[in-house]
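Heads up, query.cif below (mmCIF, N, CA and C atoms):
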data_protein
loop_
_atom_site.group_PDB
_atom_site.id
_atom_site.type_symbol
_atom_site.label_atom_id
_atom_site.label_comp_id
_atom_site.auth_asym_id
_atom_site.auth_seq_id
_atom_site.Cartn_x
_atom_site.Cartn_y
_atom_site.Cartn_z
ATOM 1 N N ALA A 1 -24.513 -30.715 -6.787
ATOM 2 C CA ALA A 1 -23.596 -30.071 -5.870
ATOM 3 C C ALA A 1 -24.365 -29.035 -5.045
ATOM 4 N N SER A 2 -23.871 -28.777 -3.860
ATOM 5 C CA SER A 2 -24.505 -27.785 -2.989
ATOM 6 C C SER A 2 -24.159 -26.374 -3.475
ATOM 7 N N GLU A 3 -24.818 -25.368 -2.880
ATOM 8 C CA GLU A 3 -24.548 -23.980 -3.255
ATOM 9 C C GLU A 3 -23.106 -23.603 -2.921
ATOM 10 N N PHE A 4 -22.659 -24.029 -1.765
ATOM 11 C CA PHE A 4 -21.286 -23.725 -1.363
ATOM 12 C C PHE A 4 -20.284 -24.326 -2.347
ATOM 13 N N ARG A 5 -20.523 -25.555 -2.773
ATOM 14 C CA ARG A 5 -19.622 -26.220 -3.714
ATOM 15 C C ARG A 5 -19.608 -25.494 -5.064
ATOM 16 N N CYS A 6 -20.768 -25.015 -5.511
ATOM 17 C CA CYS A 6 -20.841 -24.264 -6.772
ATOM 18 C C CYS A 6 -20.077 -22.945 -6.675
ATOM 19 N N VAL A 7 -20.255 -22.252 -5.561
ATOM 20 C CA VAL A 7 -19.529 -20.990 -5.368
ATOM 21 C C VAL A 7 -18.036 -21.258 -5.294
ATOM 22 N N TRP A 8 -17.643 -22.276 -4.529
ATOM 23 C CA TRP A 8 -16.228 -22.592 -4.323
ATOM 24 C C TRP A 8 -15.556 -23.072 -5.608
ATOM 25 N N SER A 9 -16.258 -23.869 -6.421
ATOM 26 C CA SER A 9 -15.644 -24.479 -7.602
ATOM 27 C C SER A 9 -15.825 -23.679 -8.882
ATOM 28 N N ILE A 10 -16.871 -22.849 -8.957
ATOM 29 C CA ILE A 10 -17.143 -22.141 -10.210
ATOM 30 C C ILE A 10 -16.956 -20.634 -10.070
ATOM 31 N N ALA A 11 -17.659 -20.027 -9.132
ATOM 32 C CA ALA A 11 -17.665 -18.567 -9.027
ATOM 33 C C ALA A 11 -16.341 -18.006 -8.525
ATOM 34 N N LEU A 12 -15.767 -18.620 -7.515
ATOM 35 C CA LEU A 12 -14.527 -18.099 -6.942
ATOM 36 C C LEU A 12 -13.348 -18.147 -7.915
ATOM 37 N N PRO A 13 -13.131 -19.251 -8.645
ATOM 38 C CA PRO A 13 -12.035 -19.220 -9.626
ATOM 39 C C PRO A 13 -12.242 -18.187 -10.733
ATOM 40 N N LEU A 14 -13.482 -17.942 -11.118
ATOM 41 C CA LEU A 14 -13.741 -16.927 -12.138
ATOM 42 C C LEU A 14 -13.525 -15.517 -11.606
ATOM 43 N N ALA A 15 -13.784 -15.318 -10.323
ATOM 44 C CA ALA A 15 -13.672 -13.988 -9.722
ATOM 45 C C ALA A 15 -12.308 -13.718 -9.097
ATOM 46 N N ARG A 16 -11.409 -14.697 -9.087
ATOM 47 C CA ARG A 16 -10.107 -14.534 -8.431
ATOM 48 C C ARG A 16 -9.314 -13.338 -8.945
ATOM 49 N N PRO A 17 -9.166 -13.109 -10.251
ATOM 50 C CA PRO A 17 -8.401 -11.932 -10.703
ATOM 51 C C PRO A 17 -9.017 -10.616 -10.251
ATOM 52 N N ILE A 18 -10.330 -10.542 -10.265
ATOM 53 C CA ILE A 18 -10.999 -9.315 -9.852
ATOM 54 C C ILE A 18 -10.826 -9.095 -8.353
ATOM 55 N N LEU A 19 -10.952 -10.141 -7.564
ATOM 56 C CA LEU A 19 -10.784 -10.019 -6.118
ATOM 57 C C LEU A 19 -9.352 -9.635 -5.752
ATOM 58 N N ILE A 20 -8.366 -10.192 -6.444
ATOM 59 C CA ILE A 20 -6.974 -9.835 -6.167
ATOM 60 C C ILE A 20 -6.692 -8.396 -6.593
ATOM 61 N N THR A 21 -7.277 -7.962 -7.703
ATOM 62 C CA THR A 21 -7.129 -6.570 -8.130
ATOM 63 C C THR A 21 -7.708 -5.626 -7.090
ATOM 64 N N ILE A 22 -8.873 -5.931 -6.569
ATOM 65 C CA ILE A 22 -9.486 -5.097 -5.534
ATOM 66 C C ILE A 22 -8.635 -5.105 -4.275
ATOM 67 N N ALA A 23 -8.081 -6.251 -3.912
ATOM 68 C CA ALA A 23 -7.234 -6.332 -2.722
ATOM 69 C C ALA A 23 -5.975 -5.479 -2.881
ATOM 70 N N ILE A 24 -5.350 -5.522 -4.057
ATOM 71 C CA ILE A 24 -4.147 -4.720 -4.293
ATOM 72 C C ILE A 24 -4.473 -3.238 -4.252
ATOM 73 N N MET A 25 -5.559 -2.834 -4.885
ATOM 74 C CA MET A 25 -5.931 -1.415 -4.894
ATOM 75 C C MET A 25 -6.279 -0.918 -3.493
ATOM 76 N N ASN A 26 -6.994 -1.726 -2.717
ATOM 77 C CA ASN A 26 -7.313 -1.338 -1.346
ATOM 78 C C ASN A 26 -6.061 -1.254 -0.491
ATOM 79 N N PHE A 27 -5.152 -2.224 -0.637
ATOM 80 C CA PHE A 27 -3.912 -2.191 0.133
ATOM 81 C C PHE A 27 -3.106 -0.947 -0.196
ATOM 82 N N LEU A 28 -3.013 -0.588 -1.472
ATOM 83 C CA LEU A 28 -2.278 0.607 -1.865
ATOM 84 C C LEU A 28 -2.882 1.868 -1.257
ATOM 85 N N SER A 29 -4.195 1.981 -1.283
ATOM 86 C CA SER A 29 -4.823 3.188 -0.745
ATOM 87 C C SER A 29 -4.722 3.256 0.770
ATOM 88 N N ILE A 30 -4.844 2.131 1.458
ATOM 89 C CA ILE A 30 -4.748 2.135 2.917
ATOM 90 C C ILE A 30 -3.302 2.344 3.359
ATOM 91 N N TYR A 31 -2.362 1.714 2.687
ATOM 92 C CA TYR A 31 -0.949 1.819 3.063
ATOM 93 C C TYR A 31 -0.418 3.236 2.856
ATOM 94 N N ASN A 32 -0.882 3.904 1.814
ATOM 95 C CA ASN A 32 -0.396 5.248 1.507
ATOM 96 C C ASN A 32 -1.224 6.349 2.151
ATOM 97 N N ASP A 33 -2.199 5.996 2.959
ATOM 98 C CA ASP A 33 -3.044 7.006 3.580
ATOM 99 C C ASP A 33 -2.247 7.824 4.578
ATOM 100 N N LEU A 34 -2.433 9.130 4.556
ATOM 101 C CA LEU A 34 -1.700 10.004 5.447
ATOM 102 C C LEU A 34 -2.625 10.810 6.343
ATOM 103 N N ILE A 35 -3.740 11.266 5.811
ATOM 104 C CA ILE A 35 -4.602 12.172 6.562
ATOM 105 C C ILE A 35 -5.314 11.452 7.707
ATOM 106 N N TRP A 36 -5.893 10.284 7.463
ATOM 107 C CA TRP A 36 -6.628 9.577 8.520
ATOM 108 C C TRP A 36 -5.728 9.208 9.701
ATOM 109 N N PRO A 37 -4.540 8.634 9.479
ATOM 110 C CA PRO A 37 -3.678 8.364 10.633
ATOM 111 C C PRO A 37 -3.244 9.630 11.370
ATOM 112 N N MET A 38 -3.055 10.738 10.648
ATOM 113 C CA MET A 38 -2.677 11.988 11.326
ATOM 114 C C MET A 38 -3.799 12.500 12.223
ATOM 115 N N LEU A 39 -5.034 12.249 11.817
ATOM 116 C CA LEU A 39 -6.165 12.666 12.648
ATOM 117 C C LEU A 39 -6.342 11.770 13.869
ATOM 118 N N MET A 40 -6.063 10.487 13.720
ATOM 119 C CA MET A 40 -6.373 9.535 14.782
ATOM 120 C C MET A 40 -5.213 9.219 15.722
ATOM 121 N N ILE A 41 -3.992 9.318 15.268
ATOM 122 C CA ILE A 41 -2.844 8.929 16.086
ATOM 123 C C ILE A 41 -2.196 10.174 16.664
ATOM 124 N N SER A 42 -2.110 10.215 17.981
ATOM 125 C CA SER A 42 -1.538 11.393 18.623
ATOM 126 C C SER A 42 -0.150 11.140 19.199
ATOM 127 N N THR A 43 0.207 9.906 19.453
ATOM 128 C CA THR A 43 1.515 9.626 20.036
ATOM 129 C C THR A 43 2.532 9.313 18.945
ATOM 130 N N PRO A 44 3.731 9.822 19.062
ATOM 131 C CA PRO A 44 4.753 9.571 18.034
ATOM 132 C C PRO A 44 5.185 8.103 17.956
ATOM 133 N N ASN A 45 5.005 7.331 19.010
ATOM 134 C CA ASN A 45 5.406 5.927 18.986
ATOM 135 C C ASN A 45 4.537 5.088 18.062
ATOM 136 N N LEU A 46 3.322 5.523 17.779
ATOM 137 C CA LEU A 46 2.389 4.749 16.969
ATOM 138 C C LEU A 46 2.286 5.243 15.528
ATOM 139 N N GLN A 47 3.157 6.151 15.111
ATOM 140 C CA GLN A 47 3.087 6.707 13.763
ATOM 141 C C GLN A 47 3.307 5.641 12.696
ATOM 142 N N THR A 48 2.594 5.813 11.591
ATOM 143 C CA THR A 48 2.847 4.957 10.434
ATOM 144 C C THR A 48 4.093 5.474 9.724
ATOM 145 N N ILE A 49 4.610 4.691 8.789
ATOM 146 C CA ILE A 49 5.847 5.102 8.121
ATOM 147 C C ILE A 49 5.623 6.326 7.239
ATOM 148 N N SER A 50 4.456 6.465 6.650
ATOM 149 C CA SER A 50 4.188 7.649 5.827
ATOM 150 C C SER A 50 4.076 8.899 6.699
ATOM 151 N N MET A 51 3.532 8.765 7.904
ATOM 152 C CA MET A 51 3.480 9.900 8.832
ATOM 153 C C MET A 51 4.879 10.297 9.281
ATOM 154 N N ALA A 52 5.698 9.308 9.584
ATOM 155 C CA ALA A 52 7.056 9.600 10.038
ATOM 156 C C ALA A 52 7.873 10.270 8.935
ATOM 157 N N LEU A 53 7.705 9.826 7.696
ATOM 158 C CA LEU A 53 8.440 10.445 6.596
ATOM 159 C C LEU A 53 7.942 11.858 6.311
ATOM 160 N N ALA A 54 6.652 12.088 6.458
ATOM 161 C CA ALA A 54 6.107 13.420 6.204
ATOM 162 C C ALA A 54 6.503 14.413 7.290
ATOM 163 N N SER A 55 6.649 13.941 8.512
ATOM 164 C CA SER A 55 6.956 14.860 9.611
ATOM 165 C C SER A 55 8.435 14.880 9.970
ATOM 166 N N TYR A 56 9.281 14.220 9.177
ATOM 167 C CA TYR A 56 10.710 14.184 9.488
ATOM 168 C C TYR A 56 11.314 15.563 9.298
ATOM 169 N N ALA A 57 11.956 16.063 10.344
ATOM 170 C CA ALA A 57 12.676 17.330 10.271
ATOM 171 C C ALA A 57 13.934 17.179 11.116
ATOM 172 N N PRO A 58 15.090 17.368 10.524
ATOM 173 C CA PRO A 58 16.316 17.228 11.306
ATOM 174 C C PRO A 58 16.461 18.359 12.309
ATOM 175 N N ASP A 59 17.261 18.134 13.317
ATOM 176 C CA ASP A 59 17.491 19.130 14.355
ATOM 177 C C ASP A 59 18.351 20.253 13.788
ATOM 178 N N ALA A 60 17.880 21.487 13.931
ATOM 179 C CA ALA A 60 18.615 22.639 13.414
ATOM 180 C C ALA A 60 19.699 23.082 14.373
ATOM 181 N N GLY A 61 19.729 22.530 15.552
ATOM 182 C CA GLY A 61 20.701 22.967 16.535
ATOM 183 C C GLY A 61 20.160 24.167 17.299
ATOM 184 N N ASN A 62 20.895 24.623 18.267
ATOM 185 C CA ASN A 62 20.446 25.755 19.079
ATOM 186 C C ASN A 62 21.032 27.069 18.615
ATOM 187 N N SER A 63 21.833 27.054 17.568
ATOM 188 C CA SER A 63 22.464 28.274 17.089
ATOM 189 C C SER A 63 21.454 29.135 16.360
ATOM 190 N N VAL A 64 21.550 30.428 16.594
ATOM 191 C CA VAL A 64 20.672 31.368 15.899
ATOM 192 C C VAL A 64 21.236 31.588 14.504
ATOM 193 N N GLY A 65 20.392 31.598 13.515
ATOM 194 C CA GLY A 65 20.804 31.833 12.139
ATOM 195 C C GLY A 65 21.205 30.581 11.395
ATOM 196 N N LYS A 66 21.209 29.453 12.058
ATOM 197 C CA LYS A 66 21.537 28.203 11.392
ATOM 198 C C LYS A 66 20.311 27.707 10.637
ATOM 199 N N ILE A 67 20.459 27.389 9.381
ATOM 200 C CA ILE A 67 19.344 26.932 8.564
ATOM 201 C C ILE A 67 19.352 25.414 8.531
ATOM 202 N N SER A 68 18.194 24.840 8.775
ATOM 203 C CA SER A 68 18.077 23.390 8.787
ATOM 204 C C SER A 68 17.779 22.894 7.382
ATOM 205 N N ARG A 69 18.642 22.013 6.885
ATOM 206 C CA ARG A 69 18.402 21.392 5.595
ATOM 207 C C ARG A 69 18.168 19.907 5.824
ATOM 208 N N PRO A 70 17.163 19.340 5.171
ATOM 209 C CA PRO A 70 16.895 17.915 5.378
ATOM 210 C C PRO A 70 18.014 17.052 4.805
ATOM 211 N N ASP A 71 18.257 15.949 5.460
ATOM 212 C CA ASP A 71 19.239 14.984 4.980
ATOM 213 C C ASP A 71 18.557 14.107 3.934
ATOM 214 N N LEU A 72 18.848 14.369 2.678
ATOM 215 C CA LEU A 72 18.161 13.686 1.588
ATOM 216 C C LEU A 72 18.475 12.202 1.534
ATOM 217 N N GLY A 73 19.624 11.793 2.003
ATOM 218 C CA GLY A 73 19.961 10.376 2.022
ATOM 219 C C GLY A 73 19.052 9.589 2.943
ATOM 220 N N ILE A 74 18.800 10.124 4.135
ATOM 221 C CA ILE A 74 17.923 9.451 5.094
ATOM 222 C C ILE A 74 16.487 9.431 4.586
ATOM 223 N N ILE A 75 16.040 10.537 4.030
ATOM 224 C CA ILE A 75 14.668 10.612 3.528
ATOM 225 C C ILE A 75 14.472 9.641 2.353
ATOM 226 N N THR A 76 15.425 9.603 1.445
ATOM 227 C CA THR A 76 15.327 8.697 0.295
ATOM 228 C C THR A 76 15.343 7.242 0.727
ATOM 229 N N SER A 77 16.209 6.905 1.668
ATOM 230 C CA SER A 77 16.235 5.523 2.143
ATOM 231 C C SER A 77 14.941 5.166 2.864
ATOM 232 N N GLY A 78 14.319 6.122 3.543
ATOM 233 C CA GLY A 78 13.022 5.883 4.176
ATOM 234 C C GLY A 78 11.938 5.597 3.153
ATOM 235 N N TYR A 79 11.926 6.353 2.072
ATOM 236 C CA TYR A 79 10.933 6.116 1.018
ATOM 237 C C TYR A 79 11.163 4.785 0.311
ATOM 238 N N VAL A 80 12.419 4.428 0.105
ATOM 239 C CA VAL A 80 12.718 3.127 -0.510
ATOM 240 C C VAL A 80 12.268 2.003 0.411
ATOM 241 N N PHE A 81 12.565 2.132 1.691
ATOM 242 C CA PHE A 81 12.149 1.129 2.673
ATOM 243 C C PHE A 81 10.627 1.026 2.742
ATOM 244 N N ALA A 82 9.936 2.166 2.637
ATOM 245 C CA ALA A 82 8.469 2.173 2.701
ATOM 246 C C ALA A 82 7.839 1.580 1.445
ATOM 247 N N SER A 83 8.539 1.614 0.323
ATOM 248 C CA SER A 83 7.953 1.102 -0.918
ATOM 249 C C SER A 83 8.158 -0.399 -1.106
ATOM 250 N N VAL A 84 8.979 -1.047 -0.285
ATOM 251 C CA VAL A 84 9.243 -2.476 -0.443
ATOM 252 C C VAL A 84 7.970 -3.321 -0.310
ATOM 253 N N PRO A 85 7.107 -3.121 0.717
ATOM 254 C CA PRO A 85 5.880 -3.937 0.770
ATOM 255 C C PRO A 85 4.959 -3.725 -0.432
ATOM 256 N N LEU A 86 4.906 -2.508 -0.946
ATOM 257 C CA LEU A 86 4.072 -2.238 -2.119
ATOM 258 C C LEU A 86 4.602 -2.973 -3.346
ATOM 259 N N LEU A 87 5.897 -2.921 -3.555
ATOM 260 C CA LEU A 87 6.490 -3.622 -4.694
ATOM 261 C C LEU A 87 6.346 -5.130 -4.566
ATOM 262 N N LEU A 88 6.510 -5.630 -3.363
ATOM 263 C CA LEU A 88 6.378 -7.065 -3.136
ATOM 264 C C LEU A 88 4.956 -7.541 -3.426
ATOM 265 N N MET A 89 3.972 -6.805 -2.931
ATOM 266 C CA MET A 89 2.582 -7.203 -3.165
ATOM 267 C C MET A 89 2.222 -7.103 -4.647
ATOM 268 N N PHE A 90 2.703 -6.063 -5.297
ATOM 269 C CA PHE A 90 2.380 -5.897 -6.704
ATOM 270 C C PHE A 90 3.049 -6.964 -7.564
ATOM 271 N N THR A 91 4.310 -7.320 -7.274
ATOM 272 C CA THR A 91 4.967 -8.344 -8.086
ATOM 273 C C THR A 91 4.352 -9.723 -7.873
ATOM 274 N N LEU A 92 3.890 -10.005 -6.654
ATOM 275 C CA LEU A 92 3.257 -11.298 -6.420
ATOM 276 C C LEU A 92 1.878 -11.395 -7.074
ATOM 277 N N GLY A 93 1.171 -10.277 -7.185
ATOM 278 C CA GLY A 93 -0.167 -10.321 -7.754
ATOM 279 C C GLY A 93 -0.297 -9.660 -9.106
ATOM 280 N N MET A 94 0.830 -9.396 -9.797
ATOM 281 C CA MET A 94 0.774 -8.665 -11.061
ATOM 282 C C MET A 94 -0.019 -9.393 -12.137
ATOM 283 N N ARG A 95 0.135 -10.695 -12.235
ATOM 284 C CA ARG A 95 -0.580 -11.450 -13.270
ATOM 285 C C ARG A 95 -2.083 -11.336 -13.054
ATOM 286 N N TYR A 96 -2.510 -11.527 -11.821
ATOM 287 C CA TYR A 96 -3.939 -11.416 -11.502
ATOM 288 C C TYR A 96 -4.420 -9.979 -11.637
ATOM 289 N N PHE A 97 -3.558 -9.026 -11.300
ATOM 290 C CA PHE A 97 -3.909 -7.611 -11.408
ATOM 291 C C PHE A 97 -4.212 -7.252 -12.855
ATOM 292 N N ILE A 98 -3.368 -7.678 -13.768
ATOM 293 C CA ILE A 98 -3.581 -7.391 -15.195
ATOM 294 C C ILE A 98 -4.812 -8.124 -15.703
ATOM 295 N N GLU A 99 -5.012 -9.382 -15.288
ATOM 296 C CA GLU A 99 -6.216 -10.126 -15.680
ATOM 297 C C GLU A 99 -7.475 -9.438 -15.170
ATOM 298 N N GLY A 100 -7.434 -8.940 -13.932
ATOM 299 C CA GLY A 100 -8.597 -8.290 -13.355
ATOM 300 C C GLY A 100 -8.929 -6.976 -14.027
ATOM 301 N N LEU A 101 -7.907 -6.235 -14.448
ATOM 302 C CA LEU A 101 -8.155 -4.968 -15.133
ATOM 303 C C LEU A 101 -8.674 -5.169 -16.544
ATOM 304 N N THR A 102 -8.241 -6.240 -17.196
ATOM 305 C CA THR A 102 -8.637 -6.465 -18.582
ATOM 306 C C THR A 102 -9.810 -7.435 -18.734
ATOM 307 N N SER A 103 -10.324 -7.970 -17.624
ATOM 308 C CA SER A 103 -11.365 -9.002 -17.746
ATOM 309 C C SER A 103 -12.658 -8.471 -18.365
ATOM 310 N N GLY A 104 -13.025 -7.254 -18.108
ATOM 311 C CA GLY A 104 -14.270 -6.745 -18.675
ATOM 312 C C GLY A 104 -14.089 -5.989 -19.973
ATOM 313 N N SER A 105 -12.846 -5.838 -20.430
ATOM 314 C CA SER A 105 -12.619 -5.017 -21.612
ATOM 315 C C SER A 105 -12.714 -5.806 -22.926
ATOM 316 N N ILE A 106 -12.580 -7.108 -22.877
ATOM 317 C CA ILE A 106 -12.592 -7.922 -24.092
ATOM 318 C C ILE A 106 -13.889 -8.725 -24.141
ATOM 319 N N LYS A 107 -14.585 -8.622 -25.240
ATOM 320 C CA LYS A 107 -15.826 -9.373 -25.382
ATOM 321 C C LYS A 107 -15.501 -10.751 -25.961
ATOM 322 N N ALA A 108 -16.010 -11.755 -25.306
ATOM 323 C CA ALA A 108 -15.690 -13.127 -25.740
ATOM 324 C C ALA A 108 -16.579 -13.592 -26.863
#
Take the structure I supplied and represent it as structure tokens, if you would.
Amino acid sequence: ASEFRCVWSIALPLARPILITIAIMNFLSIYNDLIWPMLMISTPNLQTISMALASYAPDAGNSVGKISRPDLGIITSGYVFASVPLLLMFTLGMRYFIEGLTSGSIKA
């Protein structure tokens, strides 16, 4: 067999759990990143969902002495909506994620 065939048929199936674990961990860190997008994105139209949730402040109105309290229902629904892609990715790759984390811990 050629080198490509050996990599495709032997190495890749053995490394699949580890590669999926790395992909899930990278996706989690990139998706939840807040500081880098805040440094690079200046227009409000291009904000990521984590930036929008962090900078959400309801309008206090024009009255003097009125205290602005955040609407916890809107904020909570935003966080739930933002966590759906993370939960979806984790549930689809959970088996491989656990295999990848435990692959080096057990001696055969």
Quiz prompt | Straight-line distance linking CA of Leu19 in chain A with CA of Met94 in chain A, stated in Å to one decimal | solution =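 About the pair CA of Leu19 in chain A and CA of Met94 in chain A: they are 12.6 Å apart.
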Practice problem: For Pro17 in chain A, please output as a PyMOL selection string all residues within 6.5 Å (counting all atoms listed in the file; exclusion window: fewer than 6 positions along the same chain). | Solution: chain A and resi 96-97+99-101
Practice problem: Select from range 22-60 of chain A everything DSSP, run on the backbone, classes as alpha helix (DSSP H), then give the selection as a count of residues only. | Solution: 22
Quiz item: So which residues touch Met51 in chain A within 8 Å, counting all atoms listed in the file, skipping near sequence neighbours fewer than 2 positions away, as a list in words?
Solution: Asn32, Asp33, Leu34, Ile35, Pro37, Met38, Gln47, Thr48, Ile49, Leu53, Ala54, Ser55 and Tyr56 of chain A
Exercise. Rounded to one decimal place, report the CA of Thr43 in chain A-CA of Leu86 in chain A distance in Å.
Key: 25.3 Å
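Atom C of Leu87 in chain A lies 24.3 Å from atom C of Asp71 in chain A.
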Self-check item: Minimum-distance residue to Phe81 in chain A, chosen among A:Cys6, A:Ala11, A:Ile18, A:Ser50 (using only C-alpha atoms)
Solution: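 With only C-alpha atoms as the atom set, the closest residue is A:Ser50.
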Grab all the atoms of range 94-105 of chain A that the file lists, wrap them in a box along x, y and z, add 4 Å per side, and give me centre plus edge lengths in Å (one decimal) as lines of an AutoDock Vina configuration file.
center_x = -6.7
center_y = -8.2
center_z = -16.4
size_x = 23.1
size_y = 14.6
size_z = 21.1
